[in-house]
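Q: Can you keep this structure in mind? I'll have questions shortly.
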Protein chains: 2
Amino acid sequence: MSRAFNFCAGPATLPEPVLKQARDEMLDWRGTGMSVMEMSHRSDEFVAIAETAEKDLRELAGISDDYAVLFMQGGASSQFSTIPLNLLGDKTSADYVNTGIWSKKAIAEAKRYGDVNVVASSEDSGFTTVPEQATWNTNADAAYLHYTPNETIGGLEFDFTPDSGDVPLVADMSSTMLSRPVDVSRYGLIYAGAQKNIGPSGLVVVIIRKDLLGKARKETPTMMNYQVIADNGSMYNTPATYSWYLAGLVFKWLKEQGGVKAMGEINYRKARKLYDFIDANDFYANPIEPRFRSWMNVPFTLADDALNDEFLKGADARGLLNLKGHRSVGGMRASIYNAMPEAGVDALIQYMTEFAKERG
Amino acid sequence: MSRAFNFCAGPATLPEPVLKQARDEMLDWRGTGMSVMEMSHRSDEFVAIAETAEKDLRELAGISDDYAVLFMQGGASSQFSTIPLNLLGDKTSADYVNTGIWSKKAIAEAKRYGDVNVVASSEDSGFTTVPEQATWNTNADAAYLHYTPNETIGGLEFDFTPDSGDVPLVADMSSTMLSRPVDVSRYGLIYAGAQKNIGPSGLVVVIIRKDLLGKARKETPTMMNYQVIADNGSMYNTPATYSWYLAGLVFKWLKEQGGVKAMGEINYRKARKLYDFIDANDFYANPIEPRFRSWMNVPFTLADDALNDEFLKGADARGLLNLKGHRSVGGMRASIYNAMPEAGVDALIQYMTEFAKERG
C-alpha cells in the first residue's frame, strides 16, 4: 500500500520527508561513498552529524549550557536504574509520583537502589486523574522528585509542571519531548526514549543539569555513568550512530515545521478534535478527567467490546494502523505524535463516524 | 562518489545488497505502509522479522537449544559490566586473559564487581603475541574465564579456543562473530557488538548457555539481567528494532554467500593475501607474530611515518577509506570484515604497491 496512518504508541510513525531523505542517503551519504551506519563514529562526517543534531535539539527545546545533552542506549527502561544509580548520591531516598504503568515501572526499579517515597498516586481512580500537587507528601531531603508527565498506556497527562523546590525534578518525557514548549530550566533531568517523537528505538536522550553529574554510586556500570558519558560526548563507546543521525533529521524537520511552539498548536488541535468527537458521540468513550487527557495518546472504548475486532479490521483496511489498545488496558488507543499529520486524525474521525453509524 | 571500499574497524562497511534492500523497504515494508522502524515491536510483522533473524543466526552459527540468543542494547562495552553482574554469582573471582586494549577495558570494568585474576598477559611483548595456554595461571574455582579472541585495535587474534575445563568460557567475539566457523558448544557466553560483522551499532548479540541464566546479583539493573531479557525474548523493553532488522538482512546475505564456512575461506584468503604482500614488501610492516595475526583487522606501518598523511590522502582519493590506525597505536589499519569484498583488498594492495614504488 502507500504510506498508512500509523497510530502506534512506539516505535511510532516518522515524518515521511525524514524517511525519504534516509532512503536517498542510504548507500552514499553526500558523496562519501558510505551509508551513515558505516561511518566511524569518530570521523569528521559523523561527528558533524552528531554535533548538529545536539545543536538543533538545544535550539528546539531551549536547552541552556547549564545542561549536558546525552545520546545514550537502552531506552527509557534503562534510565529507570540509571537515574537512582547516578542521582541518589549520599541521600537515602527519592520521591516518585505514581500515575500509571510507566510510573510504576520506574518506582519498582528505583526501590532496588534506595528508599522510594511515593508522594502521591492516582491508582485508586484507575489512573484517570493526576493528584493535585497540594496533596503530595514530598520530602524536602529527597535526592530528586520523579514523575511521568505523560502515561502513554493510560493516556493521562500532567497539565502542570510540579514545583519541586530545591529538589531536582526528574521527568520521563518519552512521549512529551518536543511535542510542545517545555521550560527545561525547571528540571534537573529529562529523559526520553526516542521512538515516540525523536527517531527509531534504541536511543534515549538525557538532558541533565551539569551540577547533577559526578554523583554516581560506585557500582554503577560505566556505560550508565552520566559523568563518563558527558565527558566523552556520548562516545565513550560506539553510540547508536544511525539512530542519532535519524534523530538529527527529525530535529531538522521539526525546525522546518516551526519548532515546538508550532507543533504544540498542531498537537493541541489534533487531540482536541479527537476528544471532542469522542465526547460528542455516545458510541465512544474516554475515561480520563478532561484536563488531564493526553495530547499524544488517546485511548477510547467502543460501546460494545465485542465490536473491537471488527473496528480494528475495518481500520486496517483503510490504512489506519495499530489502533489496538495496550494489552494491559484493552480498547483502542490512537497515538498522535508530532509525525502524525492532522489528515490522519481527520481520517480516523471519519472512519469512527461511519463505524458508529453502521454498528452503533 | 560511487560506493567506496571502507576499511573502518567499526561501524564497518555493510553488504551492498543489504543496504539496497533497506533503502527499497524504507518507506513501505512489504506493503504494510510502514517502515520497519515505525512498527510496533509487538506486531506480528516485527515479531516475524525478529524470530527469523534469530533462527537464521542459530543456523549460521550452529547454536543449539541449550543456548539463549539475546538481542540487547548498549554494545559490547555494556557487557563488560553485565557479564560480572550476571555470572559472578556466589563466586568471588573471575579469570581474564589480557591481550590488548579491549581485554584491558573488560578487566577494568570487572574489577569493580569482584576479584579479577589476570591469568596471562602479552603486554610485555606490546601485545604482539598470545600467551600459550600452558602458561596460564587459571583458577578452577573462577566464575568464568574471559578472553578476547580478536583485538580489533592491535590486530591480534587467537588461533585456538582456550580449554577452560568446567569453568564457563566467555568471549568478546565482536569482530570474530560469523567470520568463520566457531564451535559454540565450547562457550558459556559469547557476545558481539553488531557494528563489525552483524549490522549497525547500538545492538549487541549475546549467546548464553541457559544454565548460566538466573544468577544475576541483586543490584543488577533489570535491563542488564540476562534472565529477564531471555524470558522476554529480548523485548522486556522496546528493543533496537531497526538494527535487529538489518542484522536479519545481513544473516540472510551470509546464508546466500554459503554461510560461515564459505566466509571463513574468503576471509582467510583476503587476510593471507594482504599479510603476504606486507611481508614481501620492505616498505610495509606488521608487528604481530604470524600465527596470531588477525583475519579481520590488519594493522601496518609505512617505512617512514612522515608519509602517513600522504598515504591516507592518496587512499581517500581512490575510494579506499578509513585506513588510519587507531589513535592509540598509530600507523594504518585495514579492517576486512565479511562485507569487505576481495576486490577491496585487491584494490588496497594495488594502491600500496604503487605508493611504495613511488615513495619508497
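Chain labels run A, B, ... following the order of the C-alpha cells; each chain numbers its residues from 1, and ligands are numbered from 1 in the order shown.
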Using only C-alpha atoms, which chain A residues lie at most 7 Å away from chain B, written as a VMD selection string?

A: chain A and resid 1 to 4 8 10 to 14 19 23 26 to 28 31 to 34 37 to 40 73 to 74 77 to 78 81 112 200 to 202 219 221 223 237 to 241

Q: Hey, what does DSSP flag as alpha helix (DSSP H) within stretch 26-107 of chain B? Can you give it to me as a ChimeraX atom specification?

A: /B:44-61,75-87,101-107

Q: So that I have them on file, write out the residues from the current selection with N, CA, C and O atoms, as a short mmCIF file (atom, residue, chain, number, x, y, z; two decimals), in the first residue's frame.

A:
```
data_model
loop_
_atom_site.label_atom_id
_atom_site.label_comp_id
_atom_site.auth_asym_id
_atom_site.auth_seq_id
_atom_site.Cartn_x
_atom_site.Cartn_y
_atom_site.Cartn_z
N ASP B 44 2.82 -8.54 14.68
CA ASP B 44 3.14 -9.82 14.02
C ASP B 44 4.29 -9.65 13.05
O ASP B 44 5.16 -10.51 12.94
N GLU B 45 4.28 -8.52 12.33
CA GLU B 45 5.31 -8.30 11.32
C GLU B 45 6.70 -8.23 11.96
O GLU B 45 7.62 -8.91 11.52
N PHE B 46 6.82 -7.40 13.00
CA PHE B 46 8.15 -7.27 13.57
C PHE B 46 8.57 -8.54 14.30
O PHE B 46 9.74 -8.95 14.23
N VAL B 47 7.64 -9.16 15.00
CA VAL B 47 7.99 -10.40 15.71
C VAL B 47 8.51 -11.44 14.71
O VAL B 47 9.49 -12.15 14.97
N ALA B 48 7.90 -11.48 13.52
CA ALA B 48 8.39 -12.42 12.50
C ALA B 48 9.79 -12.04 12.02
O ALA B 48 10.65 -12.91 11.84
N ILE B 49 10.03 -10.75 11.85
CA ILE B 49 11.37 -10.29 11.46
C ILE B 49 12.39 -10.71 12.52
O ILE B 49 13.47 -11.23 12.21
N ALA B 50 12.03 -10.48 13.78
CA ALA B 50 12.94 -10.77 14.89
C ALA B 50 13.20 -12.27 15.01
O ALA B 50 14.35 -12.71 15.16
N GLU B 51 12.14 -13.06 14.92
CA GLU B 51 12.30 -14.50 15.07
C GLU B 51 13.09 -15.10 13.90
O GLU B 51 13.89 -16.01 14.09
N THR B 52 12.84 -14.58 12.70
CA THR B 52 13.58 -15.09 11.54
C THR B 52 15.07 -14.77 11.69
O THR B 52 15.93 -15.60 11.39
N ALA B 53 15.36 -13.57 12.18
CA ALA B 53 16.76 -13.21 12.39
C ALA B 53 17.42 -14.17 13.37
O ALA B 53 18.51 -14.67 13.14
N GLU B 54 16.72 -14.46 14.47
CA GLU B 54 17.31 -15.36 15.46
C GLU B 54 17.50 -16.77 14.87
O GLU B 54 18.55 -17.41 15.06
N LYS B 55 16.51 -17.21 14.13
CA LYS B 55 16.58 -18.55 13.51
C LYS B 55 17.76 -18.63 12.54
O LYS B 55 18.53 -19.59 12.54
N ASP B 56 17.89 -17.60 11.72
CA ASP B 56 19.00 -17.60 10.76
C ASP B 56 20.35 -17.55 11.46
O ASP B 56 21.31 -18.21 11.04
N LEU B 57 20.42 -16.77 12.53
CA LEU B 57 21.68 -16.69 13.28
C LEU B 57 22.01 -18.04 13.90
O LEU B 57 23.16 -18.51 13.86
N ARG B 58 20.99 -18.68 14.48
CA ARG B 58 21.22 -20.01 15.08
C ARG B 58 21.73 -20.99 14.03
O ARG B 58 22.63 -21.80 14.29
N GLU B 59 21.14 -20.92 12.84
CA GLU B 59 21.54 -21.84 11.77
C GLU B 59 22.97 -21.52 11.30
O GLU B 59 23.79 -22.43 11.17
N LEU B 60 23.24 -20.24 11.10
CA LEU B 60 24.57 -19.83 10.62
C LEU B 60 25.67 -20.21 11.61
O LEU B 60 26.71 -20.73 11.22
N ALA B 61 25.42 -19.92 12.89
CA ALA B 61 26.48 -20.08 13.88
C ALA B 61 26.42 -21.44 14.57
O ALA B 61 27.30 -21.75 15.38
N GLY B 75 25.91 -2.13 23.23
CA GLY B 75 27.21 -2.53 22.69
C GLY B 75 27.99 -3.43 23.63
O GLY B 75 27.57 -3.72 24.75
N ALA B 76 29.15 -3.87 23.15
CA ALA B 76 29.99 -4.77 23.94
C ALA B 76 30.43 -4.09 25.24
O ALA B 76 30.57 -4.76 26.27
N SER B 77 30.62 -2.78 25.22
CA SER B 77 31.09 -2.09 26.44
C SER B 77 30.12 -2.27 27.60
O SER B 77 30.55 -2.37 28.76
N SER B 78 28.83 -2.30 27.33
CA SER B 78 27.88 -2.56 28.41
C SER B 78 28.04 -3.98 28.95
O SER B 78 27.84 -4.24 30.13
N GLN B 79 28.40 -4.90 28.07
CA GLN B 79 28.59 -6.28 28.50
C GLN B 79 29.76 -6.42 29.47
O GLN B 79 29.78 -7.34 30.29
N PHE B 80 30.72 -5.50 29.40
CA PHE B 80 31.85 -5.57 30.33
C PHE B 80 31.37 -5.53 31.78
O PHE B 80 31.99 -6.12 32.66
N SER B 81 30.27 -4.83 32.04
CA SER B 81 29.69 -4.86 33.41
C SER B 81 28.63 -5.95 33.52
O SER B 81 28.49 -6.58 34.58
N THR B 82 27.87 -6.13 32.45
CA THR B 82 26.75 -7.08 32.51
C THR B 82 27.25 -8.50 32.83
O THR B 82 26.61 -9.23 33.58
N ILE B 83 28.38 -8.86 32.28
CA ILE B 83 28.91 -10.21 32.49
C ILE B 83 29.23 -10.49 33.96
O ILE B 83 28.69 -11.43 34.53
N PRO B 84 30.09 -9.68 34.61
CA PRO B 84 30.30 -9.97 36.03
C PRO B 84 29.03 -9.85 36.87
O PRO B 84 28.82 -10.66 37.79
N LEU B 85 28.18 -8.88 36.55
CA LEU B 85 26.95 -8.72 37.34
C LEU B 85 26.07 -9.96 37.26
O LEU B 85 25.32 -10.26 38.18
N ASN B 86 26.14 -10.67 36.14
CA ASN B 86 25.30 -11.86 35.96
C ASN B 86 25.99 -13.16 36.25
O ASN B 86 25.34 -14.12 36.65
N LEU B 87 27.29 -13.23 36.02
CA LEU B 87 27.94 -14.54 36.07
C LEU B 87 28.77 -14.79 37.33
O LEU B 87 29.13 -15.94 37.60
N ILE B 101 43.93 -3.82 24.21
CA ILE B 101 43.13 -2.72 24.74
C ILE B 101 41.72 -3.15 25.15
O ILE B 101 41.21 -2.73 26.19
N TRP B 102 41.10 -4.03 24.35
CA TRP B 102 39.74 -4.43 24.70
C TRP B 102 39.72 -5.37 25.90
O TRP B 102 38.85 -5.28 26.76
N SER B 103 40.72 -6.25 25.98
CA SER B 103 40.85 -7.09 27.18
C SER B 103 40.96 -6.20 28.41
O SER B 103 40.31 -6.44 29.44
N LYS B 104 41.79 -5.18 28.32
CA LYS B 104 42.04 -4.31 29.47
C LYS B 104 40.77 -3.58 29.90
O LYS B 104 40.53 -3.38 31.10
N LYS B 105 39.99 -3.18 28.91
CA LYS B 105 38.73 -2.49 29.27
C LYS B 105 37.80 -3.46 30.00
O LYS B 105 37.13 -3.10 30.98
N ALA B 106 37.72 -4.68 29.49
CA ALA B 106 36.86 -5.68 30.14
C ALA B 106 37.35 -5.96 31.56
O ALA B 106 36.55 -6.08 32.50
N ILE B 107 38.65 -6.06 31.72
CA ILE B 107 39.24 -6.33 33.04
C ILE B 107 38.94 -5.18 34.01
O ILE B 107 38.52 -5.40 35.15
#
```

Q: If we count only C-alpha atoms, what is near A:Pro168 at a cut-off of 8 Å, once residues fewer than 2 positions away on the same chain are taken out, given as an MDAnalysis selection string?

A: chainID A and resid 143:145 164:166 170 187:189

Q: My list of candidates is A:Asn286, A:Thr138, A:Ser122, A:Ser179. Which is closest to A:Gly258 when distances are computed with only C-alpha atoms?

A: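 Of all the options, A:Ser179 lies closest to A:Gly258.
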
Q: Record the distance separating atom CA of A:Leu312 and atom CA of A:Lys324, expressed in Å with one decimal.

A: 7.0 Å

Q: Name the residues of stretch 74-281 of chain B that fall into strand (DSSP E or B) according to DSSP on the backbone, using the chain letters and numbers of this document, as a ChimeraX atom specification.

A: /B:93-98,115-121,145-147,150-151,156-157,169-172,189-193,204-209

Q: Between atom CA of A:Arg291 and atom CA of A:Phe160, what is the distance in Å, rounded to a tenth?

A: 10.2 Å

Q: My list of candidates is B:Ala142, B:Leu70, B:Ile63, B:Ile207. Which is closest to B:Asp95 when distances are computed with only C-alpha atoms?

A: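 Of B:Ala142, B:Leu70, B:Ile63, B:Ile207, the one nearest B:Asp95 is B:Ala142, counting only C-alpha atoms.
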
Q: For the atom pair atom CA of B:Ala216 and atom CA of A:Ser93, what is the interatomic distance in Å to one decimal place?

A: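 Taking atom CA of B:Ala216 and atom CA of A:Ser93, their separation equals 24.0 Å.
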
Q: What's around B:Arg293 at 12 Å? Count only C-alpha atoms, leave out sequence neighbours fewer than 5 positions away in its own chain, and write the answer as a VMD selection string.

A: chain B and resid 127 to 130 149 to 159 268 271 to 272 274 to 276 286 to 288 298 to 300

Q: Hey, what's within 8 Å of A:Ile349 if we count only C-alpha atoms and toss same-chain stuff fewer than 3 positions away? As a ChimeraX atom specification, please?

A: /A:274,277,345-346,352-353

Q: Can you write out the residues you just picked, keeping C-alpha atoms, as a PDB file, in the first residue's frame?

A:
```pdb
ATOM      1  CA  LEU A 274     -10.416  13.734  18.542  1.00  0.00           C
ATOM      2  CA  PHE A 277     -15.568  13.868  18.656  1.00  0.00           C
ATOM      3  CA  VAL A 345      -6.715  12.337  12.742  1.00  0.00           C
ATOM      4  CA  ASP A 346      -9.341  13.515  10.270  1.00  0.00           C
ATOM      5  CA  MET A 352     -15.124   6.319  13.606  1.00  0.00           C
ATOM      6  CA  THR A 353     -18.150   8.335  12.481  1.00  0.00           C
TER       7      THR A 353
END
```

Q: Residues at most 7 Å from A:Asp172, counting only C-alpha atoms, excluding those fewer than 4 positions away in the same chain, as a VMD selection string?

A: chain A and resid 147 to 149 190 to 192

Q: I'd like the contact shell of B:Arg180 - 10 Å cut-off, only C-alpha atoms, skipping same-chain residues fewer than 5 positions apart - returned as a list in words.

A: Leu60, Ala61, Gly259, Val260, Lys261, Ala262, Met263, Gly264, Glu265, Ile266, Asn267, Tyr268, Trp295 and Asn338 of chain B

Q: Using all heavy atoms, can you export the residues from the last selection as a tab-separated table (two decimals), in the first residue's frame?

A:
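Everything below was put into out_6.tsv:
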```
chain	number	residue	atom	x	y	z
B	60	LEU	N	23.24	-20.24	11.10
B	60	LEU	CA	24.57	-19.83	10.62
B	60	LEU	C	25.67	-20.21	11.61
B	60	LEU	O	26.71	-20.73	11.22
B	60	LEU	CB	24.62	-18.31	10.43
B	60	LEU	CG	24.03	-17.74	9.15
B	60	LEU	CD1	23.84	-16.23	9.31
B	60	LEU	CD2	24.93	-18.03	7.96
B	61	ALA	N	25.42	-19.92	12.89
B	61	ALA	CA	26.48	-20.08	13.88
B	61	ALA	C	26.42	-21.44	14.57
B	61	ALA	O	27.30	-21.75	15.38
B	61	ALA	CB	26.38	-18.95	14.92
B	259	GLY	N	27.26	-19.23	3.98
B	259	GLY	CA	27.41	-19.41	5.43
B	259	GLY	C	28.82	-19.15	5.93
B	259	GLY	O	29.68	-18.65	5.19
B	260	VAL	N	29.04	-19.47	7.20
B	260	VAL	CA	30.30	-19.09	7.84
B	260	VAL	C	31.49	-19.89	7.34
B	260	VAL	O	32.63	-19.42	7.39
B	260	VAL	CB	30.21	-19.17	9.38
B	260	VAL	CG1	29.23	-18.12	9.90
B	260	VAL	CG2	29.81	-20.55	9.84
B	261	LYS	N	31.26	-21.10	6.83
B	261	LYS	CA	32.39	-21.88	6.30
B	261	LYS	C	32.94	-21.18	5.06
B	261	LYS	O	34.15	-20.94	4.95
B	261	LYS	CB	31.94	-23.31	5.98
B	261	LYS	CG	33.09	-24.23	5.64
B	261	LYS	CD	32.67	-25.70	5.72
B	261	LYS	CE	33.80	-26.60	5.25
B	261	LYS	NZ	34.12	-26.44	3.81
B	262	ALA	N	32.03	-20.82	4.18
B	262	ALA	CA	32.46	-20.11	2.97
B	262	ALA	C	33.10	-18.77	3.32
B	262	ALA	O	34.13	-18.38	2.75
B	262	ALA	CB	31.28	-19.92	2.03
B	263	MET	N	32.50	-18.05	4.29
B	263	MET	CA	33.06	-16.75	4.68
B	263	MET	C	34.46	-16.94	5.25
B	263	MET	O	35.36	-16.14	5.00
B	263	MET	CB	32.18	-16.05	5.74
B	263	MET	CG	30.86	-15.49	5.26
B	263	MET	SD	30.86	-14.62	3.67
B	263	MET	CE	32.03	-13.30	3.96
B	264	GLY	N	34.62	-17.99	6.05
B	264	GLY	CA	35.93	-18.26	6.65
B	264	GLY	C	37.00	-18.45	5.57
B	264	GLY	O	38.12	-17.94	5.70
B	265	GLU	N	36.64	-19.16	4.51
B	265	GLU	CA	37.61	-19.38	3.43
B	265	GLU	C	37.96	-18.07	2.73
B	265	GLU	O	39.13	-17.78	2.47
B	265	GLU	CB	37.05	-20.41	2.43
B	265	GLU	CG	37.07	-21.82	3.02
B	265	GLU	CD	36.12	-22.79	2.30
B	265	GLU	OE1	35.59	-22.42	1.22
B	265	GLU	OE2	35.90	-23.89	2.84
B	266	ILE	N	36.92	-17.29	2.45
B	266	ILE	CA	37.16	-15.98	1.80
B	266	ILE	C	37.98	-15.07	2.72
B	266	ILE	O	38.94	-14.43	2.30
B	266	ILE	CB	35.82	-15.31	1.44
B	266	ILE	CG1	35.05	-16.16	0.43
B	266	ILE	CG2	36.04	-13.90	0.90
B	266	ILE	CD1	33.59	-15.74	0.25
B	267	ASN	N	37.60	-15.04	3.99
B	267	ASN	CA	38.30	-14.15	4.93
B	267	ASN	C	39.76	-14.56	5.11
B	267	ASN	O	40.65	-13.72	5.20
B	267	ASN	CB	37.57	-14.13	6.28
B	267	ASN	CG	36.27	-13.34	6.21
B	267	ASN	OD1	36.18	-12.36	5.46
B	267	ASN	ND2	35.27	-13.74	6.97
B	268	TYR	N	39.98	-15.87	5.17
B	268	TYR	CA	41.36	-16.35	5.30
B	268	TYR	C	42.18	-15.90	4.08
B	268	TYR	O	43.28	-15.39	4.20
B	268	TYR	CB	41.40	-17.87	5.41
B	268	TYR	CG	42.79	-18.44	5.39
B	268	TYR	CD1	43.61	-18.35	6.52
B	268	TYR	CD2	43.32	-19.02	4.23
B	268	TYR	CE1	44.91	-18.85	6.49
B	268	TYR	CE2	44.60	-19.51	4.19
B	268	TYR	CZ	45.40	-19.42	5.32
B	268	TYR	OH	46.69	-19.90	5.30
B	295	TRP	N	42.55	-12.03	11.17
B	295	TRP	CA	41.95	-12.09	9.83
B	295	TRP	C	41.09	-10.86	9.56
B	295	TRP	O	40.70	-10.61	8.42
B	295	TRP	CB	41.02	-13.31	9.70
B	295	TRP	CG	41.66	-14.63	9.79
B	295	TRP	CD1	42.94	-14.92	10.16
B	295	TRP	CD2	41.03	-15.88	9.49
B	295	TRP	NE1	43.15	-16.28	10.11
B	295	TRP	CE2	42.00	-16.89	9.71
B	295	TRP	CE3	39.76	-16.26	9.06
B	295	TRP	CZ2	41.71	-18.24	9.51
B	295	TRP	CZ3	39.48	-17.59	8.88
B	295	TRP	CH2	40.45	-18.59	9.10
B	338	ASN	N	33.52	-9.44	6.97
B	338	ASN	CA	32.76	-10.18	5.96
B	338	ASN	C	32.34	-9.33	4.77
B	338	ASN	O	32.38	-9.77	3.63
B	338	ASN	CB	31.48	-10.74	6.58
B	338	ASN	CG	31.73	-11.97	7.44
B	338	ASN	OD1	32.77	-12.64	7.30
B	338	ASN	ND2	30.80	-12.29	8.33
```
